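Visitor: My questions will all concern the structure given below.
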Amino acid sequence: MAVDKNVMVFIEFDGDRIADVSLELVCEAKRLADQLHVEVEGVAMGFEKQHLLPLLGQYGCSRVYYTNDKRLACFSSVPYAEVVAQTLTRYHPQIVLFGATTMGRDIAPRVASKLKCGLTADCTQLKIGSHKIKDKEFDNILLQIRPAFGGNIIATIVSPESMPSMATVRDGVMKMVDPDTLGDVAIVEEKCDVPDLCFLTEVLEAVREEKAVDLKQARIIVSAGMGASDPEGIALVKALADVLGGVVGSSRPVADAGVLDRCRQVGQTGVTVRPNLYIACGISGQIQHRAGMEAAKRIIAINQDPEAPIFSIAHYGIVGDIHEVIPRMIKAYKAKS
Ligand SMILES: Cc1cc2nc3c(=O)[nH]c(=O)nc-3n(C[C@H](O)[C@H](O)[C@H](O)COP(=O)(O)OP(=O)(O)OC[C@H]3O[C@@H](n4cnc5c(N)ncnc54)[C@H](O)[C@@H]3O)c2cc1C
């Protein structure tokens, strides 16, 4: 197949593994590439990370362009963006996806400005479709979908007149499929053509801070909204999470108020989760919160307002005060188990 017009993913490393967001994007890229009858490629860089790359084949990546250079061992904006831009110029993908991570958010706009192409940040959905501008019809282009104007509209953004179309996507938004252990990827080593003067910073030491809580991996999440943000409400939410073996999450205002840590915030500007069970306690269910949890397998909502939007996506809704409902849930669960 031609090494041209493929769907490319910027591959990030998370210590000594490939970052989950990159694997999620490879899965999404494969879905898009199949519709376009092209292949998925990766662009990666670092120092002696080649041994990690074969995993990409298990998620549908056919080829990865890897630049190995000691100077690329630690992330640095200018050289990383330069390597990505050079790779894109050499191989002409039609679509490029980046994680909306600190690294992706830094590199993607630099690459877009170098290549003078479109970039949409924080997409929540990607599709292949057509679009008409005046009399010109563009087919098989990337539809970059994301909430806009404070989440009041869902915008579809296109950039058909420049190549490639680029998008960033947050961690957890795209679904990771089960790996195919027989999947294979070709590793193409690229020469690092970045002059020393582009390396503007020298990293003396890299210190990794472990996450206090990993909401993404939790199978059960019990989240507190403003309706459960008083000390008694928070204690009840924690107690319910404890008996169920779950993790405590929150809505944004609860994190904004400092009642729970920011790392527990679920939603558009927080973490995107897909647990088996999500219990929303005193959460109204505005679109920005739903964006982060509506892919949960089962949703239980407790809210005293029967008109709360959260009930429109809940599998089970309980209309009532969390101070009364949660103790009864805990009691019932303990009695059963
Ligand atoms: C750009 C942008 C990004 C955003 N990102 C996020 C995000 O990532 N995550 C997020 O959560 N929000 C986000 N928001 C904020 C979002 O719009 C909502 O304001 C927020 O989700 C509301 O939080 P809440 O449901 O906890 O509070 P509220 O909207 O105040 O709702 C509280 C709910 O609790 C109920 N209630 C009150 N007391 C009780 C009780 N005793 N028992 C039972 N129910 C009770 C009420 O009926 C009400 O429905 C964002 C907003 C913007 C503009």
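Following the order of the structure tokens, chains are lettered A, B, ..., residues in each are numbered from 1, and ligands are numbered from 1.
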Within 8 Å of ligand 1, counting only C-alpha atoms and all ligand atoms: which residues, as a ChimeraX atom specification?
Guide: /A:148-151,224-228,233,250-254,265-271,281-292,302-306,308-310,319-323
Visitor: Output the selection as a CSV table (one decimal), in the first residue's frame - N, CA and C atoms for each residue.
Guide:
chain,number,residue,atom,x,y,z
A,148,ALA,N,-18.3,23.4,21.9
A,148,ALA,CA,-17.8,24.7,21.7
A,148,ALA,C,-18.7,25.7,22.4
A,149,PHE,N,-18.3,26.9,22.5
A,149,PHE,CA,-19.0,28.0,23.3
A,149,PHE,C,-19.5,27.5,24.6
A,150,GLY,N,-18.5,27.0,25.4
A,150,GLY,CA,-18.8,26.6,26.8
A,150,GLY,C,-19.7,25.3,26.8
A,151,GLY,N,-19.6,24.6,25.7
A,151,GLY,CA,-20.4,23.3,25.7
A,151,GLY,C,-21.8,23.5,25.3
A,224,ALA,N,-19.1,12.9,43.6
A,224,ALA,CA,-19.9,13.9,44.3
A,224,ALA,C,-20.0,15.1,43.5
A,225,GLY,N,-21.2,15.6,43.4
A,225,GLY,CA,-21.5,16.9,42.8
A,225,GLY,C,-21.8,17.9,43.9
A,226,MET,N,-22.2,19.1,43.5
A,226,MET,CA,-22.5,20.2,44.4
A,226,MET,C,-23.6,19.8,45.4
A,227,GLY,N,-24.5,18.9,45.0
A,227,GLY,CA,-25.5,18.4,45.9
A,227,GLY,C,-25.0,17.5,47.0
A,228,ALA,N,-23.7,17.1,46.9
A,228,ALA,CA,-23.1,16.2,47.9
A,228,ALA,C,-21.8,16.8,48.4
A,233,GLY,N,-22.1,15.0,53.1
A,233,GLY,CA,-22.3,14.4,51.8
A,233,GLY,C,-21.0,13.7,51.3
A,250,SER,N,-15.5,13.4,41.1
A,250,SER,CA,-16.2,14.7,41.4
A,250,SER,C,-16.6,15.4,40.2
A,251,SER,N,-17.6,16.4,40.4
A,251,SER,CA,-17.9,17.3,39.3
A,251,SER,C,-16.9,18.5,39.4
A,252,ARG,N,-16.9,19.3,38.4
A,252,ARG,CA,-15.8,20.4,38.4
A,252,ARG,C,-16.0,21.4,39.5
A,253,PRO,N,-17.2,21.9,39.8
A,253,PRO,CA,-17.3,22.9,40.9
A,253,PRO,C,-16.8,22.3,42.3
A,254,VAL,N,-17.0,21.0,42.5
A,254,VAL,CA,-16.5,20.4,43.7
A,254,VAL,C,-15.0,20.5,43.8
A,265,GLN,N,-11.6,15.1,39.2
A,265,GLN,CA,-12.7,15.7,38.4
A,265,GLN,C,-13.0,14.9,37.1
A,266,VAL,N,-14.2,14.6,36.9
A,266,VAL,CA,-14.7,13.9,35.7
A,266,VAL,C,-15.3,14.9,34.8
A,267,GLY,N,-15.0,14.8,33.5
A,267,GLY,CA,-15.7,15.7,32.5
A,267,GLY,C,-14.8,16.2,31.4
A,268,GLN,N,-15.4,17.1,30.7
A,268,GLN,CA,-14.7,17.7,29.5
A,268,GLN,C,-13.3,18.2,29.9
A,269,THR,N,-13.2,18.9,31.0
A,269,THR,CA,-11.9,19.4,31.4
A,269,THR,C,-11.3,18.6,32.5
A,270,GLY,N,-11.8,17.4,32.7
A,270,GLY,CA,-11.2,16.5,33.7
A,270,GLY,C,-10.9,15.2,33.1
A,271,VAL,N,-11.2,14.1,33.8
A,271,VAL,CA,-10.8,12.8,33.2
A,271,VAL,C,-12.0,12.2,32.5
A,281,CYS,N,-23.8,11.4,42.5
A,281,CYS,CA,-24.5,11.8,43.7
A,281,CYS,C,-24.6,13.3,43.7
A,282,GLY,N,-25.8,13.8,43.6
A,282,GLY,CA,-26.0,15.3,43.6
A,282,GLY,C,-25.3,16.0,42.5
A,283,ILE,N,-25.3,15.4,41.3
A,283,ILE,CA,-24.7,16.0,40.1
A,283,ILE,C,-25.8,16.3,39.1
A,284,SER,N,-25.9,17.5,38.6
A,284,SER,CA,-27.0,17.9,37.7
A,284,SER,C,-26.9,17.2,36.4
A,285,GLY,N,-25.7,17.0,35.9
A,285,GLY,CA,-25.5,16.3,34.6
A,285,GLY,C,-25.4,17.3,33.4
A,286,GLN,N,-24.7,18.4,33.6
A,286,GLN,CA,-24.5,19.3,32.5
A,286,GLN,C,-23.6,18.6,31.4
A,287,ILE,N,-23.7,19.1,30.2
A,287,ILE,CA,-23.0,18.4,29.1
A,287,ILE,C,-21.5,18.2,29.4
A,288,GLN,N,-20.9,19.2,30.0
A,288,GLN,CA,-19.4,19.0,30.3
A,288,GLN,C,-19.1,17.9,31.2
A,289,HIS,N,-20.0,17.6,32.1
A,289,HIS,CA,-19.8,16.5,33.0
A,289,HIS,C,-20.1,15.2,32.3
A,290,ARG,N,-21.2,15.2,31.6
A,290,ARG,CA,-21.6,13.9,30.8
A,290,ARG,C,-20.5,13.5,29.9
A,291,ALA,N,-19.8,14.5,29.2
A,291,ALA,CA,-18.8,14.2,28.2
A,291,ALA,C,-17.8,13.2,28.8
A,292,GLY,N,-17.6,13.3,30.1
A,292,GLY,CA,-16.5,12.5,30.7
A,292,GLY,C,-17.0,11.2,31.3
A,302,ILE,N,-28.4,9.9,41.6
A,302,ILE,CA,-29.2,10.3,42.8
A,302,ILE,C,-29.3,11.8,42.8
A,303,ASN,N,-30.5,12.3,42.7
A,303,ASN,CA,-30.7,13.7,42.6
A,303,ASN,C,-32.1,14.1,43.1
A,304,GLN,N,-32.2,15.1,43.9
A,304,GLN,CA,-33.5,15.5,44.4
A,304,GLN,C,-34.4,16.2,43.4
A,305,ASP,N,-33.8,16.6,42.3
A,305,ASP,CA,-34.6,17.3,41.3
A,305,ASP,C,-35.0,16.2,40.2
A,306,PRO,N,-36.2,15.9,40.0
A,306,PRO,CA,-36.6,14.9,39.0
A,306,PRO,C,-36.3,15.3,37.6
A,308,ALA,N,-33.5,16.9,36.7
A,308,ALA,CA,-32.1,17.0,36.5
A,308,ALA,C,-31.7,16.3,35.2
A,309,PRO,N,-30.8,16.9,34.3
A,309,PRO,CA,-30.5,16.3,33.1
A,309,PRO,C,-29.7,14.9,33.2
A,310,ILE,N,-29.1,14.7,34.4
A,310,ILE,CA,-28.4,13.5,34.6
A,310,ILE,C,-29.3,12.2,34.4
A,319,VAL,N,-34.7,9.6,42.7
A,319,VAL,CA,-35.1,10.9,43.1
A,319,VAL,C,-35.1,11.0,44.6
A,320,GLY,N,-34.2,11.8,45.2
A,320,GLY,CA,-34.2,11.9,46.6
A,320,GLY,C,-32.9,12.6,47.1
A,321,ASP,N,-32.9,12.8,48.4
A,321,ASP,CA,-31.8,13.5,49.0
A,321,ASP,C,-30.7,12.5,49.3
A,322,ILE,N,-29.4,12.9,48.8
A,322,ILE,CA,-28.3,11.9,49.0
A,322,ILE,C,-28.1,11.5,50.5
A,323,HIS,N,-28.4,12.5,51.4
A,323,HIS,CA,-28.2,12.2,52.8
A,323,HIS,C,-29.1,11.1,53.3
Visitor: Do you know which residues are at most 8 Å from Gly99 in chain A counting only C-alpha atoms, after dropping those on the same chain fewer than 5 positions away, and could you put them as a list in words?
Guide: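 The residues that qualify are Phe10, Val21, Ser22, Leu25, Gly104, Arg105, Thr168, Val169, Arg170 and Asp171 of chain A.
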Visitor: Could you save those same residues with C-alpha atoms as an mmCIF file, in the first residue's frame?
Guide:
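Everything below was put into again13.cif:
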data_model
loop_
_atom_site.group_PDB
_atom_site.id
_atom_site.type_symbol
_atom_site.label_atom_id
_atom_site.label_comp_id
_atom_site.auth_asym_id
_atom_site.auth_seq_id
_atom_site.Cartn_x
_atom_site.Cartn_y
_atom_site.Cartn_z
ATOM 1 C CA PHE A 10 2.024 10.870 17.316
ATOM 2 C CA VAL A 21 -3.646 7.774 24.919
ATOM 3 C CA SER A 22 -1.396 6.829 21.974
ATOM 4 C CA LEU A 25 -5.546 6.948 19.151
ATOM 5 C CA GLY A 104 0.651 16.858 22.373
ATOM 6 C CA ARG A 105 -0.755 20.295 23.164
ATOM 7 C CA THR A 168 -5.825 16.433 19.507
ATOM 8 C CA VAL A 169 -7.895 14.061 21.627
ATOM 9 C CA ARG A 170 -7.879 13.717 25.393
ATOM 10 C CA ASP A 171 -6.815 10.637 27.265
#
Visitor: Using only C-alpha atoms, which protein or nucleic acid residues come within 9 Å of Cys74 in chain A? Drop anything in the same chain fewer than 4 positions from it, and give the result as a ChimeraX atom specification.
Guide: /A:46-47,70,202-203,206
Visitor: Interatomic distance between CA of Gln217 in chain A and CA of Ala301 in chain A?
Guide: 20.8 Å
Visitor: So, counting only C-alpha atoms, which residue among A:Lys175, A:Gly183, A:Arg264, A:Cys198 is closest to Ala295 in chain A?
Guide: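 Closest to Ala295 in chain A, using only C-alpha atoms: A:Lys175.
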Visitor: Can you tell me, as a PyMOL selection string, what residues are no more than 10 Å from Glu137 in chain A when counting only C-alpha atoms, ignoring any on the same chain fewer than 6 positions away?
Guide: chain A and resi 130-131+160
Visitor: Taking only C-alpha atoms into account, which of A:Cys27, A:Ile157, A:Val188, A:Leu53 comes nearest Gly172 in chain A?
Guide: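 Residue with the minimum atom-to-atom distance to Gly172 in chain A: A:Cys27.
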Visitor: Calculated over only C-alpha atoms, which of the candidates A:Tyr278, A:His92, A:Tyr59, A:Ile220 has the smallest distance to Val243 in chain A?
Guide: A:Ile220
Visitor: Please determine, counting only C-alpha atoms, which residue among A:Met293, A:Pro275, A:Ser229, A:Gly245 has the shortest atom-to-atom distance to Val259 in chain A.
Guide: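 Closest to Val259 in chain A of all the choices is A:Ser229.
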Visitor: Near Asp242 in chain A, within 10 Å and counting only C-alpha atoms, which residues show up once chain neighbours fewer than 5 positions away are dropped, as a PyMOL selection string?
Guide: chain A and resi 222+236-237+247-248+330
Visitor: Quick one: everything within 10 Å of Arg90 in chain A, counting only C-alpha atoms, minus sequence neighbours fewer than 4 positions away in the same chain. Send it as an NGL selection string.
Guide: :A and (3-4 or 84-86)
Visitor: Create the file for the chosen residues now, containing N, CA and C atoms and written as a PDB file, in the first residue's frame.
Guide:
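In the end it all went to selection.pdb:
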ATOM      1  N   VAL A   3       2.776   4.652   0.775  1.00  0.00           N
ATOM      2  CA  VAL A   3       3.183   5.318   2.019  1.00  0.00           C
ATOM      3  C   VAL A   3       2.811   6.787   1.868  1.00  0.00           C
ATOM      4  N   ASP A   4       1.543   7.045   1.766  1.00  0.00           N
ATOM      5  CA  ASP A   4       1.045   8.373   1.435  1.00  0.00           C
ATOM      6  C   ASP A   4      -0.432   8.411   1.817  1.00  0.00           C
ATOM      7  N   VAL A  84       8.560  15.817  14.139  1.00  0.00           N
ATOM      8  CA  VAL A  84       7.214  15.458  13.647  1.00  0.00           C
ATOM      9  C   VAL A  84       6.966  16.150  12.302  1.00  0.00           C
ATOM     10  N   ALA A  85       7.288  17.440  12.222  1.00  0.00           N
ATOM     11  CA  ALA A  85       7.033  18.188  10.976  1.00  0.00           C
ATOM     12  C   ALA A  85       7.825  17.580   9.817  1.00  0.00           C
ATOM     13  N   GLN A  86       9.084  17.193  10.075  1.00  0.00           N
ATOM     14  CA  GLN A  86       9.902  16.599   8.997  1.00  0.00           C
ATOM     15  C   GLN A  86       9.295  15.265   8.538  1.00  0.00           C
TER      16      GLN A  86
END
Visitor: Just the helix (DSSP H, G or I) stuff from range 53-287 of chain A, please, per backbone DSSP, written as a ChimeraX atom specification.
Guide: /A:53-59,70-72,77-91,102-115,196-198,215-217,226-228,231-244,252-256,262-264,287
Visitor: Please, what distance in Å, to one decimal, runs between CA of Asn276 in chain A and CA of Lys297 in chain A?
Guide: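 Computing it gives 4.8 Å between the two atoms.
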Visitor: Between CA of Ala167 in chain A and CA of Thr120 in chain A, what is the distance in Å, rounded to a tenth?
Guide: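 Atom-to-atom, CA of Ala167 in chain A to CA of Thr120 in chain A, that is 4.7 Å.
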Visitor: Can you tell me, as a PyMOL selection string, which residues in range 76-256 of chain A count as strand (DSSP E) by DSSP?
Guide: chain A and resi 95-99+119-123+125-133+136-148+153-157+165-169+186-190+220-224+247-250
Visitor: Taking only C-alpha atoms into account, which of A:Ser337, A:Lys191, A:Ile318, A:Pro179 comes nearest Leu244 in chain A?
Guide: A:Ser337
